[in-house]
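Raw contents of structure_19.txt, compact mmCIF, C-alpha atoms:
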# COMPACT_ATOMS: atom_id res chain seq x y z
CA MET A 1 -8.17 97.63 -4.88
CA LYS A 2 -11.91 97.66 -4.15
CA THR A 3 -13.59 94.88 -2.23
CA GLN A 4 -15.71 93.91 -5.25
CA GLN A 5 -12.61 93.52 -7.43
CA ILE A 6 -10.90 91.36 -4.79
CA VAL A 7 -13.90 89.04 -4.60
CA SER A 8 -14.10 88.75 -8.40
CA LEU A 9 -10.38 87.93 -8.60
CA GLY A 10 -10.75 85.25 -5.90
CA ILE A 11 -13.65 83.62 -7.71
CA GLY A 12 -11.67 83.63 -10.95
CA LEU A 13 -8.68 81.97 -9.33
CA LEU A 14 -10.92 79.31 -7.75
CA VAL A 15 -12.59 78.51 -11.08
CA ALA A 16 -9.18 78.26 -12.76
CA ALA A 17 -7.97 75.86 -10.07
CA LEU A 18 -11.04 73.65 -10.45
CA LEU A 19 -10.64 73.55 -14.24
CA ALA A 20 -6.98 72.56 -13.81
CA ILE A 21 -7.94 69.68 -11.53
CA VAL A 22 -10.59 68.43 -13.96
CA PHE A 23 -8.19 68.72 -16.90
CA THR A 24 -5.42 66.86 -15.09
CA SER A 25 -7.77 64.07 -14.02
CA ALA A 26 -9.08 63.63 -17.56
CA ARG A 27 -5.55 63.64 -18.97
CA ASN A 28 -4.42 60.96 -16.52
CA ARG A 29 -7.32 58.72 -17.46
CA ASN A 30 -6.34 58.98 -21.12
CA VAL A 31 -2.67 58.23 -20.46
CA SER A 32 -3.22 55.11 -18.36
CA GLN A 33 -6.27 52.88 -18.31
CA VAL A 34 -4.84 50.59 -15.62
CA GLY A 35 -6.37 52.69 -12.89
CA ALA A 36 -9.77 52.30 -14.48
CA SER A 37 -9.67 48.54 -13.83
CA THR A 38 -10.08 49.23 -10.12
CA GLU A 39 -13.65 50.25 -10.93
CA ARG A 40 -14.38 46.54 -11.48
CA ASN A 41 -14.79 46.60 -15.26
CA ARG A 42 -15.30 42.84 -15.21
CA VAL A 43 -15.06 41.08 -18.55
CA MET A 44 -17.60 38.45 -17.43
CA PRO A 45 -19.87 40.37 -15.01
CA SER A 46 -22.40 37.55 -14.51
CA PHE A 47 -19.95 34.66 -14.10
CA PRO A 48 -21.51 32.10 -11.65
CA VAL A 49 -18.22 30.81 -10.28
CA ASN A 50 -19.81 28.52 -7.67
CA GLN A 51 -22.12 26.81 -10.16
CA ILE A 52 -19.53 25.72 -12.73
CA THR A 53 -19.46 21.95 -13.28
CA SER A 54 -17.60 21.76 -16.61
CA VAL A 55 -14.81 23.66 -18.34
CA VAL A 56 -14.07 22.99 -22.02
CA MET A 57 -11.04 24.48 -23.77
CA LYS A 58 -10.59 24.36 -27.53
CA ASP A 59 -7.88 25.63 -29.84
CA ALA A 60 -6.82 24.88 -33.41
CA LYS A 61 -5.10 21.63 -32.31
CA GLY A 62 -7.73 20.02 -30.11
CA SER A 63 -9.74 20.27 -26.93
CA LEU A 64 -9.69 19.53 -23.20
CA THR A 65 -12.60 18.86 -20.84
CA LEU A 66 -12.55 19.23 -17.06
CA GLU A 67 -15.64 17.80 -15.35
CA LYS A 68 -16.98 17.83 -11.82
CA LYS A 69 -17.98 14.34 -10.67
CA GLU A 70 -19.14 13.00 -7.31
CA SER A 71 -15.51 12.17 -6.48
CA GLY A 72 -14.33 15.64 -7.53
CA TRP A 73 -12.96 17.30 -10.66
CA VAL A 74 -11.44 15.01 -13.32
CA VAL A 75 -9.67 15.29 -16.68
CA ALA A 76 -11.78 13.58 -19.35
CA GLU A 77 -8.85 13.11 -21.73
CA ARG A 78 -7.02 11.12 -19.04
CA ALA A 79 -9.80 8.61 -18.47
CA GLY A 80 -11.24 10.55 -15.55
CA TYR A 81 -7.96 10.96 -13.67
CA PRO A 82 -8.25 13.53 -10.83
CA ALA A 83 -7.66 17.13 -11.88
CA ASP A 84 -5.53 19.67 -10.05
CA PHE A 85 -8.34 21.24 -8.04
CA LYS A 86 -6.14 23.98 -6.58
CA LYS A 87 -5.07 25.14 -10.04
CA LEU A 88 -8.62 24.92 -11.37
CA GLY A 89 -10.01 26.85 -8.40
CA GLU A 90 -7.51 29.64 -8.93
CA PHE A 91 -8.37 29.73 -12.64
CA LEU A 92 -12.10 30.04 -11.94
CA ARG A 93 -11.47 32.83 -9.45
CA THR A 94 -9.36 34.59 -12.07
CA MET A 95 -12.27 34.34 -14.51
CA TYR A 96 -14.62 35.83 -11.92
CA ASP A 97 -12.31 38.76 -11.15
CA LEU A 98 -11.03 39.27 -14.72
CA ALA A 99 -11.12 43.01 -15.35
CA SER A 100 -10.58 45.03 -18.49
CA VAL A 101 -7.57 47.34 -18.52
CA GLN A 102 -8.92 48.97 -21.65
CA LYS A 103 -11.18 48.31 -24.58
CA VAL A 104 -9.28 47.69 -27.81
CA GLU A 105 -10.67 49.26 -30.96
CA VAL A 106 -10.33 46.34 -33.37
CA GLY A 107 -13.05 44.83 -35.54
CA PRO A 108 -13.61 41.23 -36.68
CA SER A 109 -11.56 41.81 -39.84
CA LYS A 110 -8.50 42.44 -37.66
CA PHE A 111 -9.01 39.62 -35.14
CA SER A 112 -6.08 37.75 -36.64
CA ARG A 113 -3.73 40.47 -35.37
CA VAL A 114 -4.70 39.83 -31.76
CA GLY A 115 -5.12 36.05 -32.07
CA LEU A 116 -8.89 35.98 -31.74
CA LEU A 117 -10.01 34.13 -34.86
CA ASP A 118 -12.28 31.11 -34.48
CA PRO A 119 -10.08 28.02 -33.85
CA ALA A 120 -12.31 26.13 -36.31
CA ASP A 121 -11.19 28.51 -39.08
CA LYS A 122 -8.88 26.39 -41.24
CA ALA A 123 -7.54 29.47 -43.00
CA ALA A 124 -6.15 30.92 -39.76
CA GLY A 125 -2.39 31.07 -39.60
CA GLU A 126 -0.10 30.15 -36.71
CA GLY A 127 -0.98 32.19 -33.62
CA GLN A 128 -4.00 33.85 -35.23
CA SER A 129 -6.76 31.79 -33.61
CA ALA A 130 -7.98 31.88 -30.03
CA THR A 131 -8.26 29.35 -27.25
CA VAL A 132 -11.97 29.25 -26.46
CA VAL A 133 -12.81 28.48 -22.83
CA THR A 134 -16.45 27.50 -22.33
CA PHE A 135 -18.05 27.24 -18.90
CA LYS A 136 -21.08 25.11 -18.15
CA LYS A 137 -23.17 24.38 -15.11
CA GLU A 138 -25.33 21.44 -14.16
CA LYS A 139 -27.02 19.55 -17.03
CA GLY A 140 -24.55 21.04 -19.51
CA GLU A 141 -26.10 24.50 -19.62
CA GLU A 142 -23.57 26.96 -21.03
CA VAL A 143 -23.14 30.05 -18.87
CA GLY A 144 -20.48 31.89 -20.84
CA SER A 145 -17.23 31.62 -22.74
CA LEU A 146 -14.01 33.54 -23.03
CA TRP A 147 -11.87 33.76 -26.15
CA VAL A 148 -8.22 34.06 -25.17
CA GLY A 149 -5.95 35.64 -27.78
CA LYS A 150 -2.36 36.77 -28.09
CA GLU A 151 -0.19 38.03 -25.27
CA TYR A 152 0.32 41.77 -25.04
CA LYS A 153 4.03 42.54 -25.04
CA LYS A 154 5.54 45.56 -23.35
CA GLU A 155 9.06 46.86 -23.86
CA GLU A 156 11.13 46.89 -20.69
CA ARG A 157 14.53 48.44 -20.08
CA SER A 158 17.32 47.16 -17.86
CA GLN A 159 21.04 47.65 -17.45
CA PHE A 160 21.51 44.90 -20.05
CA GLY A 161 19.32 46.57 -22.68
CA THR A 162 15.69 46.36 -23.74
CA PHE A 163 13.47 43.28 -23.82
CA ASP A 164 9.80 42.42 -24.31
CA SER A 165 7.79 41.15 -21.37
CA THR A 166 4.21 39.89 -21.21
CA ALA A 167 1.96 42.56 -19.73
CA GLY A 168 -1.46 41.10 -20.46
CA ARG A 169 -3.69 39.29 -22.92
CA TYR A 170 -6.26 40.14 -25.58
CA VAL A 171 -9.67 38.57 -24.88
CA ARG A 172 -13.29 38.78 -25.89
CA ARG A 173 -16.49 37.28 -24.61
CA GLY A 174 -18.23 34.61 -26.62
CA GLY A 175 -21.00 36.12 -28.75
CA SER A 176 -19.43 39.59 -28.67
CA ASP A 177 -17.01 41.37 -30.99
CA GLU A 178 -15.73 43.69 -28.26
CA VAL A 179 -12.02 43.09 -27.56
CA TYR A 180 -10.43 43.86 -24.20
CA LEU A 181 -6.90 43.98 -22.87
CA VAL A 182 -6.55 42.35 -19.46
CA ALA A 183 -3.57 42.40 -17.13
CA GLU A 184 -3.58 38.61 -16.49
CA GLU A 185 -1.39 36.38 -18.67
CA LEU A 186 -3.92 33.49 -18.58
CA ARG A 187 -1.26 30.84 -19.15
CA GLU A 188 -3.67 28.27 -17.70
CA ALA A 189 -5.70 28.40 -20.91
CA THR A 190 -4.06 25.30 -22.40
CA ILE A 191 -5.48 22.06 -23.76
CA GLU A 192 -2.55 19.91 -22.55
CA PRO A 193 -4.07 17.26 -20.23
CA LYS A 194 -0.79 16.75 -18.35
CA ASP A 195 -0.93 20.40 -17.28
CA TRP A 196 -4.25 19.80 -15.52
CA ILE A 197 -3.89 16.42 -13.81
CA ASN A 198 -3.31 16.21 -10.08
CA LYS A 199 0.42 15.56 -9.62
CA ASP A 200 0.19 14.31 -6.02
CA PHE A 201 2.25 11.09 -5.84
CA PHE A 202 3.44 8.64 -3.20
CA LYS A 203 6.25 9.51 -0.78
CA VAL A 204 8.36 6.95 1.08
CA ALA A 205 9.96 7.50 4.50
CA LYS A 206 11.95 5.28 6.89
CA VAL A 207 12.97 2.61 4.38
CA LYS A 208 13.37 -0.83 5.97
CA SER A 209 14.09 -2.96 2.91
CA ILE A 210 14.40 -2.67 -0.86
CA SER A 211 14.36 -5.45 -3.42
CA ARG A 212 14.67 -5.51 -7.19
CA THR A 213 13.36 -8.48 -9.13
CA VAL A 214 14.01 -9.11 -12.84
CA ALA A 215 13.75 -12.16 -15.10
CA ASP A 216 17.44 -12.95 -14.60
CA ALA A 217 17.68 -14.02 -10.94
CA ALA A 218 21.44 -13.37 -10.94
CA LYS A 219 20.70 -9.65 -11.39
CA SER A 220 18.06 -9.48 -8.66
CA TRP A 221 18.80 -8.41 -5.07
CA LYS A 222 17.39 -7.42 -1.70
CA LEU A 223 18.76 -4.99 0.89
CA THR A 224 17.60 -4.66 4.47
CA ARG A 225 18.59 -2.83 7.66
CA GLU A 226 17.84 -3.02 11.37
CA SER A 227 16.81 0.62 11.93
CA ASP A 228 16.23 3.80 9.98
CA THR A 229 19.72 5.01 10.98
CA ALA A 230 21.61 1.80 10.13
CA ASP A 231 23.32 0.83 6.88
CA PHE A 232 21.97 -1.73 4.43
CA THR A 233 23.10 -5.34 4.31
CA LEU A 234 22.72 -7.70 1.34
CA VAL A 235 20.28 -10.57 1.89
CA ASP A 236 21.62 -14.00 0.87
CA ALA A 237 25.05 -12.65 0.00
CA LYS A 238 27.08 -15.13 -2.04
CA LYS A 239 30.71 -16.01 -1.45
CA GLY A 240 32.95 -13.16 -2.59
CA GLU A 241 30.14 -10.59 -2.66
CA GLU A 242 30.77 -7.45 -0.63
CA LEU A 243 28.24 -4.65 -0.72
CA ASP A 244 29.64 -1.20 -1.52
CA ALA A 245 28.10 1.10 1.09
CA ALA A 246 28.83 4.18 -0.99
CA LYS A 247 26.81 2.77 -3.91
CA VAL A 248 23.69 2.00 -1.87
CA SER A 249 23.69 4.78 0.73
CA SER A 250 21.39 6.93 -1.42
CA MET A 251 18.79 4.15 -1.37
CA LYS A 252 17.98 5.05 2.24
CA SER A 253 15.94 7.90 0.76
CA ALA A 254 14.45 5.84 -2.07
CA PHE A 255 11.24 7.38 -3.46
CA SER A 256 11.37 10.10 -0.80
CA SER A 257 10.00 12.65 -3.26
CA PRO A 258 9.10 11.03 -6.61
CA SER A 259 7.15 12.84 -9.31
CA PHE A 260 5.51 11.97 -12.61
CA GLU A 261 5.04 13.79 -15.88
CA ASP A 262 1.83 12.28 -17.20
CA VAL A 263 -0.69 9.45 -16.91
CA LEU A 264 -0.94 7.07 -19.85
CA THR A 265 -4.38 5.95 -20.98
CA GLY A 266 -5.92 3.82 -23.71
CA ASP A 267 -6.13 0.16 -24.63
CA LYS A 268 -2.65 0.11 -26.18
CA VAL A 269 -0.77 1.26 -23.07
CA PRO A 270 1.58 -1.61 -22.11
CA LYS A 271 1.68 -2.72 -18.50
CA PRO A 272 5.25 -2.31 -17.20
CA SER A 273 6.80 -5.66 -16.25
CA GLU A 274 10.54 -5.51 -16.94
CA ALA A 275 11.52 -4.89 -13.31
CA THR A 276 9.78 -4.85 -9.94
CA ILE A 277 11.09 -2.77 -7.05
CA LEU A 278 9.53 -3.43 -3.67
CA VAL A 279 10.09 -1.02 -0.78
CA GLU A 280 8.96 -1.72 2.80
CA THR A 281 9.12 0.86 5.61
CA PHE A 282 9.45 0.73 9.38
CA ASP A 283 6.01 2.39 9.60
CA GLY A 284 4.37 -0.57 7.87
CA PHE A 285 3.96 0.66 4.28
CA ARG A 286 4.61 -1.63 1.32
CA TYR A 287 5.25 -0.06 -2.10
CA GLU A 288 5.34 -2.37 -5.12
CA THR A 289 6.44 -0.56 -8.26
CA LYS A 290 6.81 -2.07 -11.72
CA PHE A 291 8.78 -0.53 -14.59
CA GLY A 292 9.01 -0.91 -18.31
CA PRO A 293 12.23 -0.49 -20.32
CA LYS A 294 13.92 2.90 -20.39
CA ASN A 295 13.05 4.82 -23.57
CA ASP A 296 15.40 6.84 -25.79
CA LEU A 297 14.90 9.90 -23.59
CA GLY A 298 15.92 8.01 -20.46
CA GLU A 299 12.34 7.85 -19.12
CA TYR A 300 10.17 5.04 -17.76
CA ASP A 301 6.57 3.94 -17.57
CA MET A 302 5.64 2.63 -14.14
CA THR A 303 2.81 1.41 -11.92
CA VAL A 304 2.58 1.60 -8.15
CA SER A 305 0.54 -0.39 -5.66
CA VAL A 306 0.49 0.63 -1.99
CA SER A 307 -0.57 -1.39 1.03
CA GLY A 308 0.10 -1.09 4.73
CA GLU A 309 -0.26 -2.67 8.15
CA PHE A 310 0.22 -0.42 11.15
CA SER A 311 0.62 -1.16 14.81
CA THR A 312 -2.51 -0.02 16.63
CA THR A 313 -1.09 -0.11 20.14
CA ARG A 314 1.92 1.58 21.63
CA LYS A 315 4.29 -0.39 23.84
CA ALA A 316 5.01 1.81 26.82
CA PRO A 317 8.54 1.64 28.27
CA GLU A 318 8.94 0.27 31.77
CA GLY A 319 8.54 2.89 34.47
CA GLU A 320 6.88 5.48 32.21
CA LYS A 321 5.20 8.27 34.17
CA GLU A 322 1.45 8.75 33.80
CA GLU A 323 1.72 12.26 32.36
CA ASP A 324 4.36 11.09 29.89
CA LYS A 325 2.21 8.11 28.92
CA LYS A 326 -0.79 10.31 28.18
CA LYS A 327 1.23 12.61 25.95
CA ALA A 328 2.93 9.71 24.16
CA ASP A 329 -0.40 7.93 23.58
CA GLU A 330 -1.90 11.09 22.06
CA GLU A 331 1.06 11.50 19.71
CA PHE A 332 0.85 7.82 18.75
CA SER A 333 -2.87 8.10 17.94
CA LYS A 334 -2.31 11.25 15.93
CA ASN A 335 0.51 9.64 13.94
CA LEU A 336 -1.63 6.55 13.31
CA GLU A 337 -4.40 8.68 11.83
CA THR A 338 -1.85 10.41 9.59
CA LEU A 339 -0.57 7.05 8.34
CA LYS A 340 -4.11 5.84 7.62
CA LYS A 341 -4.93 8.99 5.63
CA GLN A 342 -1.71 8.65 3.65
CA LEU A 343 -2.46 5.02 2.86
CA ALA A 344 -6.00 5.84 1.70
CA ALA A 345 -4.70 8.55 -0.62
CA GLU A 346 -1.83 6.49 -2.04
CA LYS A 347 -4.02 3.44 -2.66
CA LYS A 348 -5.84 5.48 -5.29
CA LEU A 349 -2.68 5.47 -7.42
CA ALA A 350 -3.18 1.78 -8.26
CA GLY A 351 -4.46 0.90 -11.71
CA HIS A 352 -2.74 3.75 -13.55
CA VAL A 353 0.40 3.84 -15.68
CA TYR A 354 2.63 6.81 -14.94
CA HIS A 355 5.32 8.32 -17.14
CA VAL A 356 8.33 9.36 -15.04
CA ARG A 357 11.76 10.82 -15.68
CA GLY A 358 14.88 8.73 -15.30
CA PHE A 359 16.04 10.23 -12.01
CA VAL A 360 13.02 8.72 -10.25
CA VAL A 361 14.15 5.18 -11.03
CA ASP A 362 17.81 5.11 -12.06
CA SER A 363 19.29 5.04 -8.55
CA LEU A 364 17.32 1.82 -7.80
CA ASN A 365 17.13 0.08 -11.14
CA LYS A 366 20.61 -1.47 -10.95
CA ASP A 367 21.87 -5.01 -11.48
CA ARG A 368 23.20 -6.96 -8.49
CA ALA A 369 26.80 -6.67 -9.65
CA ASP A 370 26.51 -2.88 -9.77
CA LEU A 371 26.00 -2.78 -5.99
CA MET A 372 29.22 -4.61 -5.12
CA LYS A 373 32.73 -3.43 -4.43
CA SER A 374 34.99 -3.76 -7.42
CA ASP A 375 38.09 -5.96 -7.26
CA GLU A 376 39.82 -4.03 -10.03
CA PRO A 377 42.70 -1.80 -8.85
CA ALA A 378 42.62 1.86 -9.65
CA ALA A 379 43.77 2.53 -13.20
CA THR A 380 47.39 3.73 -13.46
CA PRO A 381 49.46 4.68 -16.50
CA ASP A 382 51.93 2.00 -17.63
CA GLY A 383 54.95 1.74 -19.91
CA PRO A 384 58.34 3.43 -19.91
CA ALA A 385 56.86 6.88 -19.63
CA ALA A 386 55.02 5.89 -16.48
CA GLU A 387 58.14 4.37 -14.95
CA GLY A 388 60.11 7.53 -15.67
CA ALA A 389 57.38 9.63 -14.14
CA ALA A 390 57.44 7.50 -10.99
CA ALA A 391 61.24 7.78 -10.69
CA ASN A 392 61.24 11.53 -11.17
CA PRO A 393 57.84 12.92 -10.23
CA GLY A 394 59.03 16.50 -10.47
CA LEU A 395 58.41 18.78 -13.42
CA PRO A 396 60.83 18.38 -16.35
CA GLY A 397 63.82 20.72 -16.33
CA LEU A 398 63.89 21.42 -12.62
CA ASP A 399 67.13 19.45 -12.13
CA MET A 400 68.92 21.36 -14.85
CA PRO A 401 71.44 24.07 -13.79
CA LEU A 402 70.13 27.58 -13.97
CA PRO A 403 71.61 29.70 -16.79
CA ALA A 404 74.00 32.48 -15.81
CA LEU A 405 72.39 35.87 -15.56
CA GLY A 406 74.09 38.43 -17.75
CA GLY A 407 74.02 42.20 -17.59
CA ASN A 408 74.11 44.49 -14.59
As structure tokens - that is how I would like this structure written.
Amino acid sequence: MKTQQIVSLGIGLLVAALLAIVFTSARNRNVSQVGASTERNRVMPSFPVNQITSVVMKDAKGSLTLEKKESGWVVAERAGYPADFKKLGEFLRTMYDLASVQKVEVGPSKFSRVGLLDPADKAAGEGQSATVVTFKKEKGEEVGSLWVGKEYKKEERSQFGTFDSTAGRYVRRGGSDEVYLVAEELREATIEPKDWINKDFFKVAKVKSISRTVADAAKSWKLTRESDTADFTLVDAKKGEELDAAKVSSMKSAFSSPSFEDVLTGDKVPKPSEATILVETFDGFRYETKFGPKNDLGEYDMTVSVSGEFSTTRKAPEGEKEEDKKKADEEFSKNLETLKKQLAAEKKLAGHVYHVRGFVVDSLNKDRADLMKSDEPAATPDGPAAEGAAANPGLPGLDMPLPALGGN
């Protein structure tokens, strides 16, 4: 083969290889658009995340407003109760980074299919309208909005069969008819106020005493103990009363990790007053909680008021070494600052009515008689059948002679 032919063949092979690479790359882009999102195809390219001072969400059922005040972010529909700043911050960062997986070719006449109709459209059916999230900065200036539509479902396979899983969401920018598919589920786009309030609550440690006060003094009680490792004793125990340690042992961790579901607001919210439970701790905290009656779902409405008096000096043991004293004093000062910060945070809970589940209260909201040992003997069966069972506790038929075995 001549040199010229060899060169021509080499050039041809090189061109063919380059064409194959280009073809493969183009084919891959058509098959999967997920890779294209790494090119930062942001849905809201000019989103001023650090300037947002208001977020308004609207759907066909209502609206929610989150506002930035001097004290921080609040939920307007809960009378300015603090919002969950961590959740809101993550949501705003998601909006900033929100990237299109692919553009969806669907016009306004088909918006109902992807849940992007105007929520004000009364003719829209269930699931056909969007949740519109509007962002504003100082002085109420709108800086953009996102219309959040239906979830994009993807069929998955497992050893148990096939199932649909959420793989993204249909969205569009306000003022634009262009629809995008994004990989985020955007479950935060909800108008439920209870989903946005700050759920930080009080936490009790080292319980010193607990008392329950109700209108009927005979049902009220107070328990106390000498140290955070000792058992409770009943204050002003009456003749014949004996505290059941098993029934009150769980009270040592009373309110150790309470939680609430929602904050009640409005002029018609009743102030709980059916029972008062007061908890005092060895650290110097005082928690006064008031409860209303239990509802049909086994839940309560409650208020909490927190106060505290802390020792500001440490009593050094006799003969303590100087280096030990310095270390102990530093730990004492550090712990005192922690207690003061906790008190300042928990004092802010006063003045609100909280809706809590039964497990938060039930272990403490007991009548006096329910804390005592019972004089009733353990229940036993009675009657002739019981007497026979006691005389012959074995299984019936065991005393009968065994039948003869026939055959070989």
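The space separating atom CA of A:Lys315 from atom CA of A:Glu288 comes to 29.0 Å.
With atom CA of A:Glu309 on one side and atom CA of A:Phe282 on the other, the separation reads 10.4 Å.
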Using 8 Å as the limit and counting all atoms listed in the file, can you tabulate each residue of stretch 189-269 of chain A that touches stretch 74-97 of chain A, with its shortest atom-to-atom distance in Å and the two atoms involved, as a Markdown table?
| residue | atom | partner | partner_atom | distance |
| --- | --- | --- | --- | --- |
| A:Pro193 | CA | A:Glu77 | CA | 6.5 |
| A:Trp196 | CA | A:Asp84 | CA | 5.6 |
| A:Ile197 | CA | A:Ala83 | CA | 4.3 |
| A:Asn198 | CA | A:Asp84 | CA | 4.1 |
| A:Lys199 | CA | A:Asp84 | CA | 7.2 |
| A:Val263 | CA | A:Arg78 | CA | 6.9 |
| A:Leu264 | CA | A:Arg78 | CA | 7.4 |
| A:Thr265 | CA | A:Arg78 | CA | 6.1 |
Item checked: Who sits within 7 Å of A:Glu280, all atoms listed in the file, same chain under 5 positions skipped, as an MDAnalysis selection string -> chainID A and resid 207:210 285:287
Next item on the list: With only C-alpha atoms counted, which protein, DNA or RNA residues have an atom no more than 6 Å from (11.9, 10.0, -18.0) in the file frame? Please answer as a VMD selection string.
Entry: chain A and resid 298 to 300 356 to 358
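With distances restricted to only C-alpha atoms, A:Met251 is the closest residue to A:Phe232 from A:Met372, A:Val353, A:Leu339, A:Met251.
Going from atom CA of A:Pro258 to atom CA of A:Thr213 covers 20.1 Å.
Here the question is which of A:Leu336, A:Ile52, A:Leu243, A:Leu64 gets nearest to A:Glu141 using all atoms listed in the file, and that residue is A:Ile52.
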